[in-house]
Each structure stands twice: as C-alpha cells, then as structure tokens.
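Trainee: Once you've had a glance at the structure underneath, I'll fire off some questions.
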Amino acid sequence: MSLDAEQVKKIAHLARLEINEADIPGYAETLSNILDLVDQMAAVNTDDVEPMAHPMDASQRLREDVVTESNQREHFQSVAPATEDGLYLVPKVIE
Amino acid sequence: MYHNKTLAELSSMLEAGDVSSVELTQYFLDRIKSKDADINSFVTVTEEQALAQAKAADETRAVGNAGPLTGVPFAHKDIFCTEGVRSSCGSKMLDNFNSPYDATVVTKLKQAGAVMLGKTNMDEFAMGSSNETSFYGAVKNPWDLNKVPGGSSGGSAAAVAARLTPAATGTDTGGSIRQPASLCNLTGLKPTYGRVSRFGMIAFASSLDQAGPMARTAEDCALLLNAIAGFDEKDSTSIEQEVPDYTADLNKSVKGLKIGLPKEFFGDGLDPEVAKSVDAAIEEYKSMGAEIVDISLPNSGLSVPVYYVVAPAECSSNLSRMDGVRFGHRCEEPKDLEDLYKRSRGEGFGDEVKRRILIGAYALSAGYYDAYYIKAQKLRRLISDDFKKAFEQCDVIMGPTSPNVAFNMGEKSDDPVSMYLSDIYTIAVNLAGLPGMSVPAGFANDMPVGLQIIGNYFEESRLLNVAHAYQQNTDWHEQCPAEFE
C-alpha cells in the first residue's frame with residue numbers, strides 16, 4: 001500500500017495537522033514504507049478471531065454518578081494560552 | 001562514593017544515620033550539574049523542591065516515620081505530570097506546560113518520601129527507540145557517547161547508567177523501559193497492564209502504556225514497584241488486585257524453574273554476539289537448577305506490524321487533545337479555528353509524532369478501519385493466545401531484549417521502519433499486557449546486552465525473584481561506564 005501526496009494532504013487535514021508543502025513527498029515515502037510493513041498482517045487468516053481491545057478483556061469500570069471533583073476552573077485555566085471570564089478564547093467561529 | 005550505591009544501600013545508609021537525605025540530594029544534584037552536559041539526560045532539574053523534600057524527609061525520619069524510600073533521590077521521566085513543574089513529554093507542544101496536578105505515580109512516590117531530583121529526557125511523546133526525537137535534543141549513551149541510549153525512556157536510562165540518580169521511572173508502550181535498560185546495562189521492569197496507574201501519565205497508546213521502575217538491581221526495582229503499584233479509581237483500566245510485597249520473594253530458589261525459550265526470539269536478525277551473551281545467561285540459570293523448555297510464539301513475528309496500527313491509532317486519538325486551546329503551544333495570530341488547530345499542532349509536534357498521528361488517522365478513517373484497526377486487534381488476540389499456551393508449559397519466558405546492542409546516533413533516524421524493528425522482541429509483551437523485565441547479561445563489542453524475562457499476568461514477584469537470583473551469581477549489573485565511575 002502506498003500513499004501519494006494528495007492522500008497525505010487529505011489525512012493531514014483530517015488530523016488537523018499542518019505539513020509544509022516541501023515535506024509532503026518525504027511523508028508520502030515514509031508513510032508508504034510503514035504501510036508496507038503493516039501490510040504483512042494480511043498474511044494470516046483471522047476470519048473467526050474476536051478483536052482484542054483490552055489485554056485482559058476487561059470492560060470499563062463504572063462508578064456512581066456523584067460529584068467527586070471540586071471546582072478548580074481558575075487553577076486549570078492558568079495553563080491555557082488565552083482565557084476570559086472563565087472561558088477559553090479561540091478565533092471567532094460564528095459571525 | 002554515594003553514586004556507586006544502589007537504592008537499597010542508600011536506604012540502609014539513611015536508616016543507619018550514615019548520611020542525611022539533604023546531603024545525599026545535594027551530592028546527586030552536584031553530580032548532575034557536573035556530568036549531565038555530556039549525556040543530556042535531564043530536561044529539568046528541580047533543585048529547590050528536591051532540597052525541600054529532602055529536608056522534610058530528614059524530619060520524617062527524625063520522628064521515626066521513615067519508610068524504605070524516605071529521603072532517597074530519584075528522577076521522573078518527563079511523561080509524568082508534576083504539579084507546578086514543566087511536564088513536557090519531550091515536546092515543543094508542552095514546553096510551556098507546568099502541570100496543574102500530579103500523576104498518581106508522582107503522588108505515590110511523594111507519599112513514600114522519595115526525593116525527585118528532576119525530570120528526564122525522552123523521545124517526543126514516548127515515540128521512538130533511540131531518544132533522538134526529543135525537542136530537547138538527543139540523549140547520549142554513557143557507555144559510548146556516539147551511541148544512542150535507546151528509547152523512549154532514554155533519559156531515565158542514561159541518567160541511572162551514568163550514576164546521576166540511583167533510579168528513575170519509565171514508561172513502556174512497546175519496549176520503552178526494557179530496550180533502553182538493555183542498551184544502558186540497567187534492570188528495568190514493565191509491569192502487567194493495569195498494575196500501575198496511568199492517571200497523569202501523558203497518554204500515547206492507552207491499551208499498551210504502563211509505567212515501571214528503572215534501576216541497577218532487581219531489588220531496587222522491587223522497592224520502587226512496592227511504592228507505585230496498586231489500584232487507582234482515577235484510571236479506568238487500573239486493576240483491582242492486591243499488591244504483594246515485591247521484595248518478599250526475592251531470595252526464593254530458582255531450582256526447578258521452567259524457562260521457556262521461544263524459537264522465534266533466536267532466529268534471523270539477532271546479532272550473534274548478543275545471542276552469545278543471552279545463551280550464557282541461560283546456561284547460568286541451568287547451573288542454578290532451572291529447566292529449559294522449547295516453546296513457540298508463532299504469531300510474534302507479526303507484533304511489529306500489529307503494533308504500528310494499534311499504537312498510532314490510539315495516539316492519533318489521544319494527541320487530539322493537543323489543540324492549542326486549553327494548554328500547550330499555540331501558534332501566533334491564527335486566522336480562524338482551523339488555522340489555530342493546524343498550525344499549533346504543525347509547529348508543536350516533531351516529525352515522528354506527525355508520522356504516527358497520520359498513520360493512525362489513516363488506519364481509523366472511513367473505508368480502512370476494518371482492514372487495519374480491526375485486523376490488528378484480531379492478530380493481537382492471536383499473539384496474546386500464543387503466550388497463554390506457552391505459559392502452560394513454562395514459568396517464565398526468556399530471550400534477548402533487543403536484537404542488537406546500542407547503535408550509532410543518526411544510524412536509523414531517517415529510516416523509521418528499521419528503527420521500529422529494534423523493538424521486535426519487546427512489543428508482543430505489550431500487546432498481550434504481560435509483565436516483562438530486562439536484566440544486564442554481559443557485553444557484546446563493549447556495549448551492554450540485556451536478557452528479557454517475561455512472566456504471566458501479575459507475576460512481577462516471580463520476575464523480580466528470577467532476576468535477583470541471577471544478580472546474586474553475576475556482576476554484569478555492577479559494571480559502570482568508565483567515564484562515570
């Protein structure tokens with residue numbers, strides 16, 4: 001499986017990742033090499049195998065729906081690039 | 001001097017009153033100052049906090065409340081969130097991130113009274129096997145400054161090998177504790193998946209990540225694991241199982257121990273000089289009364305391809321939180337929200353992280369999910385089932401940790417696939433969720449060789465016992481690089 005420049009651009013857009021135009025061919029080549037490695041998976045038939053999501057097949061533990069955290073908004077927002085009135089600031093989304 | 005002592009020895013010296021924690025801490029801080037420029041193993045040294053913690057530890061000891069780790073210095077891999085201290089994960093993205101909270105592993109070691117000297121360098125977001133992908137520059141192997149220390153816990157490994165700290169924490173997603181331990185002549189343990197809390201440990205691949213100790217001896221690893229293991233309700237995959245005293249079984253005999261040798265770990269691709277050291281280690285176990293069982297892990301050859309679907313898929317999802325909005329790097333003057341996301345991430349992440357995000361996003365995208373992600377999860381079960389069958393025949397599995405000794409800086413950095421293959425013997429253990437160790441087992445071409453020991457689920461005590469028995473009969477783990485004696 002190999003990826004071309006257009007596919008790399010499309011995936012980079014899906015991942016919201018800016019890649020410099022000049023670097024695209026390099027990414028296309030290394031990603032194609034990685035996919036060649038990954039394609040070795042096709043050699044084994046897995047028709048009747050159940051996919052394994054957790055090493056011990058455990059499911060997510062649930063807890064009672066009660067409040068366990070106190071409000072630490074200011075503390076957590078102290079590491080944010082831009083905030084105002086307790087809100088995170090981003091460029092205007094709705095005109 | 002103090003730097004040649006193990007964690008256990010330093011603990012005894014503190015207990016006997018031969019040295020104070022403040023003296024010990026100052027000694028290691030001075031040693032970091034004079035030696036770390038050669039190897040670049042620390043990204044942050046927390047001198048002030050360390051001395052404050054040391055003073056508190058000495059006070060705790062004075063009133064008779066000291067435990068085995070009270071006042072003992074160590075270092076944290078910079079993947080662990082530490083409140084008020086930069087927690088960079090080796091990335092420009094988090095260069096400005098002073099975590100607002102502590103990881104559970106950090107909290108537990110604080111409660112045990114251990115003194116954090118600082119945060120160690122690592123491959124960016126733990127993605128790498130050479131510690132060359134760090135934003136803070138490559139780490140050098142104390143055994144040969146032209147060679148890599150391994151990765152991703154390369155800073156922790158180099159710091160302990162150079163005797164800048166008696167021990168350090170690491171994390172292991174595909175071999176990131178065991179491979180650098182092997183390349184730097186250390187003892188490193190990756191516990192069973194879920195044994196140590198992942199809360200506050202910056203996530204790479206959540207179904208594989210696990211934290212563990214890196215030190216010079218199995219005994220030191222046991223002391224550290226005692227402090228960090230255990231159930232944590234803040235980690236939804238943490239396992240509710242009692243934590244034994246990991247030092248209790250250290251001195252048990254290994255007579256009659258059944259050691260499985262998988263033929264797949266001794267085939268093509270293994271450096272013959274590395275094989276010689278591993279064979280000699282196995283002979284040593286035989287002379288101690290262990291029995292050898294030939295086993296097979298027929299699907300283990302597919303573990304690297306499977307890993308490079310599962311791990312990137314999970315990382316592409318985990319790293320979506322780095323968006324330039326709530327914390328971390330933000331680009332200058334974004335023109336709209338999409339531009340903010342794309343440029344913040346494009347500027348904040350290095351090449352290897354970008355590659356893995358792209359592979360993951362591709363494997364999870366519409367039309368490819370079944371062929372890649374589901375297929376990989378099916379093979380993951382086959383790889384895991386191989387181990388289940390093997391453990392019906394043996395108590396532990398042994399083999400090399402890495403197919404080669406430490407390689408030259410830059411040798412593999414332009415060829416990701418060849419870099420990935422350096423984890424060929426460690427990755428299957430993460431996919432199965434089993435505990436694994438690397439133990440110093442000699443030298444090939446003057447560079448350290450590691451013996452890998454793999455155990456059944458929750459058999460960390462047995463692994464530590466098996467490693468400790470070997471270390472009572474050999475002195476490989478005591479060897480120190482000449483420049484750091």
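Ligands are numbered from 1 in the order shown, chains are lettered A, B, ... in the order of the structure tokens, and residues start at 1 in each chain.
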Tell me which protein, DNA and RNA residues are within 6 Å of Lys77 in chain B, counting only C-alpha atoms, leaving out same-chain ones fewer than 2 positions away, and put them as a list in words.
Mentor: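 Close residues of Lys77 in chain B: Ile79, Lys119, Thr120, Thr169 and Gly170 of chain B.
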Trainee: Would you give me, as a PyMOL selection string, the residues of chain B that come within 8 Å of chain A, using only C-alpha atoms?
Mentor: chain B and resi 97-100+193+207+236-237+302+304-306+308-309+316+320+324-330+334-338+340-343+345-347+354-355+357-359+361-362+374-382+384+415-417+431-433
Trainee: Store the residues picked out above, limited to C-alpha atoms, as a CSV table (one decimal), in the first residue's frame.
Mentor:
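So the final result, stored in again_38.csv, reads:
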chain,number,residue,atom,x,y,z
B,97,PHE,CA,3.2,23.2,30.3
B,98,ASN,CA,3.5,23.4,34.1
B,99,SER,CA,1.1,20.7,35.0
B,100,PRO,CA,-1.7,21.8,37.4
B,193,TYR,CA,-1.1,-3.8,32.1
B,207,SER,CA,-4.3,0.0,25.8
B,236,SER,CA,-10.5,3.3,34.4
B,237,THR,CA,-8.2,0.5,33.3
B,302,LEU,CA,3.5,-10.0,13.3
B,304,VAL,CA,5.6,-5.1,14.9
B,305,PRO,CA,3.1,-4.6,12.1
B,306,VAL,CA,0.2,-5.0,14.5
B,308,TYR,CA,2.2,0.1,14.2
B,309,VAL,CA,-1.6,0.1,13.6
B,316,SER,CA,-3.9,9.9,16.9
B,320,SER,CA,-6.1,15.3,19.6
B,324,GLY,CA,-3.7,24.9,21.2
B,325,VAL,CA,-6.8,25.8,23.1
B,326,ARG,CA,-6.6,24.6,26.7
B,327,PHE,CA,-2.9,24.2,27.3
B,328,GLY,CA,0.4,23.8,25.4
B,329,HIS,CA,1.7,25.5,22.3
B,330,ARG,CA,-0.5,27.9,20.4
B,334,PRO,CA,-4.5,32.3,14.0
B,335,LYS,CA,-6.8,33.5,11.3
B,336,ASP,CA,-9.6,31.0,12.2
B,337,LEU,CA,-10.2,28.0,14.4
B,338,GLU,CA,-9.0,25.5,11.8
B,340,LEU,CA,-5.3,27.6,15.0
B,341,TYR,CA,-5.6,23.8,15.3
B,342,LYS,CA,-3.4,23.0,12.2
B,343,ARG,CA,-0.6,25.4,12.8
B,345,ARG,CA,-0.1,21.2,16.0
B,346,GLY,CA,2.1,21.5,13.0
B,347,GLU,CA,4.5,23.7,14.9
B,354,LYS,CA,3.4,13.6,13.0
B,355,ARG,CA,4.1,10.4,11.1
B,357,ILE,CA,-0.7,10.7,14.0
B,358,LEU,CA,-1.0,10.4,10.2
B,359,ILE,CA,-0.7,6.6,10.2
B,361,ALA,CA,-5.7,8.8,11.4
B,362,TYR,CA,-5.4,6.9,8.1
B,374,ILE,CA,-9.9,-4.5,13.4
B,375,LYS,CA,-7.5,-6.7,11.6
B,376,ALA,CA,-4.7,-5.6,14.0
B,377,GLN,CA,-6.9,-6.3,17.1
B,378,LYS,CA,-7.7,-9.8,15.8
B,379,LEU,CA,-4.0,-10.5,15.4
B,380,ARG,CA,-3.4,-9.0,18.8
B,381,ARG,CA,-5.6,-11.8,20.2
B,382,LEU,CA,-3.6,-14.5,18.4
B,384,SER,CA,-1.8,-13.0,23.2
B,415,ASP,CA,14.5,5.1,8.3
B,416,PRO,CA,11.5,4.7,10.7
B,417,VAL,CA,10.9,1.0,9.7
B,431,LEU,CA,0.2,-6.4,23.0
B,432,ALA,CA,-0.5,-9.2,25.4
B,433,GLY,CA,-0.4,-7.0,28.5
Trainee: Name the closest residue to Ser2 in chain A among the candidates A:Glu64, A:Glu29, A:Glu21, A:Glu74; distances are taken between atoms, counting only C-alpha atoms.
Mentor: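 Distance minimum relative to Ser2 in chain A lands on A:Glu29.
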Trainee: Between CA of Thr426 in chain B and CA of Pro400 in chain B, what is the distance in Å, rounded to a tenth?
Mentor: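 Atom-to-atom, CA of Thr426 in chain B to CA of Pro400 in chain B, that is 9.0 Å.
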Trainee: Within range 16-79 of chain A, find each residue whose DSSP state, derived from the backbone, is alpha helix (DSSP H), and express the selection as a count of residues only.
Mentor: 20
Trainee: Just to confirm, what's the straight-line distance from CA of Leu208 in chain B to CA of Glu314 in chain B in Å (one decimal)?
Mentor: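 Computed distance, CA of Leu208 in chain B to CA of Glu314 in chain B, equals 9.4 Å.
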Trainee: Among range 16-121 of chain B, which residues does DSSP mark as strand (DSSP E) when it is run on the backbone? Keep the chain and numbering as in the structure and answer as a list in words.
Mentor: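 Across range 16-121 of chain B, those assigned strand (DSSP E) are Phe42, Val43, Thr44, Val45, Pro73, Phe74, Ala75, His76, Lys77, Val115, Met116, Leu117, Gly118, Lys119 and Thr120 of chain B.
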Trainee: Rounded to one decimal in Å, what is the spacing between CA of Glu83 in chain B and CA of Ser152 in chain B?
Mentor: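 Those two atoms sit 22.4 Å apart.
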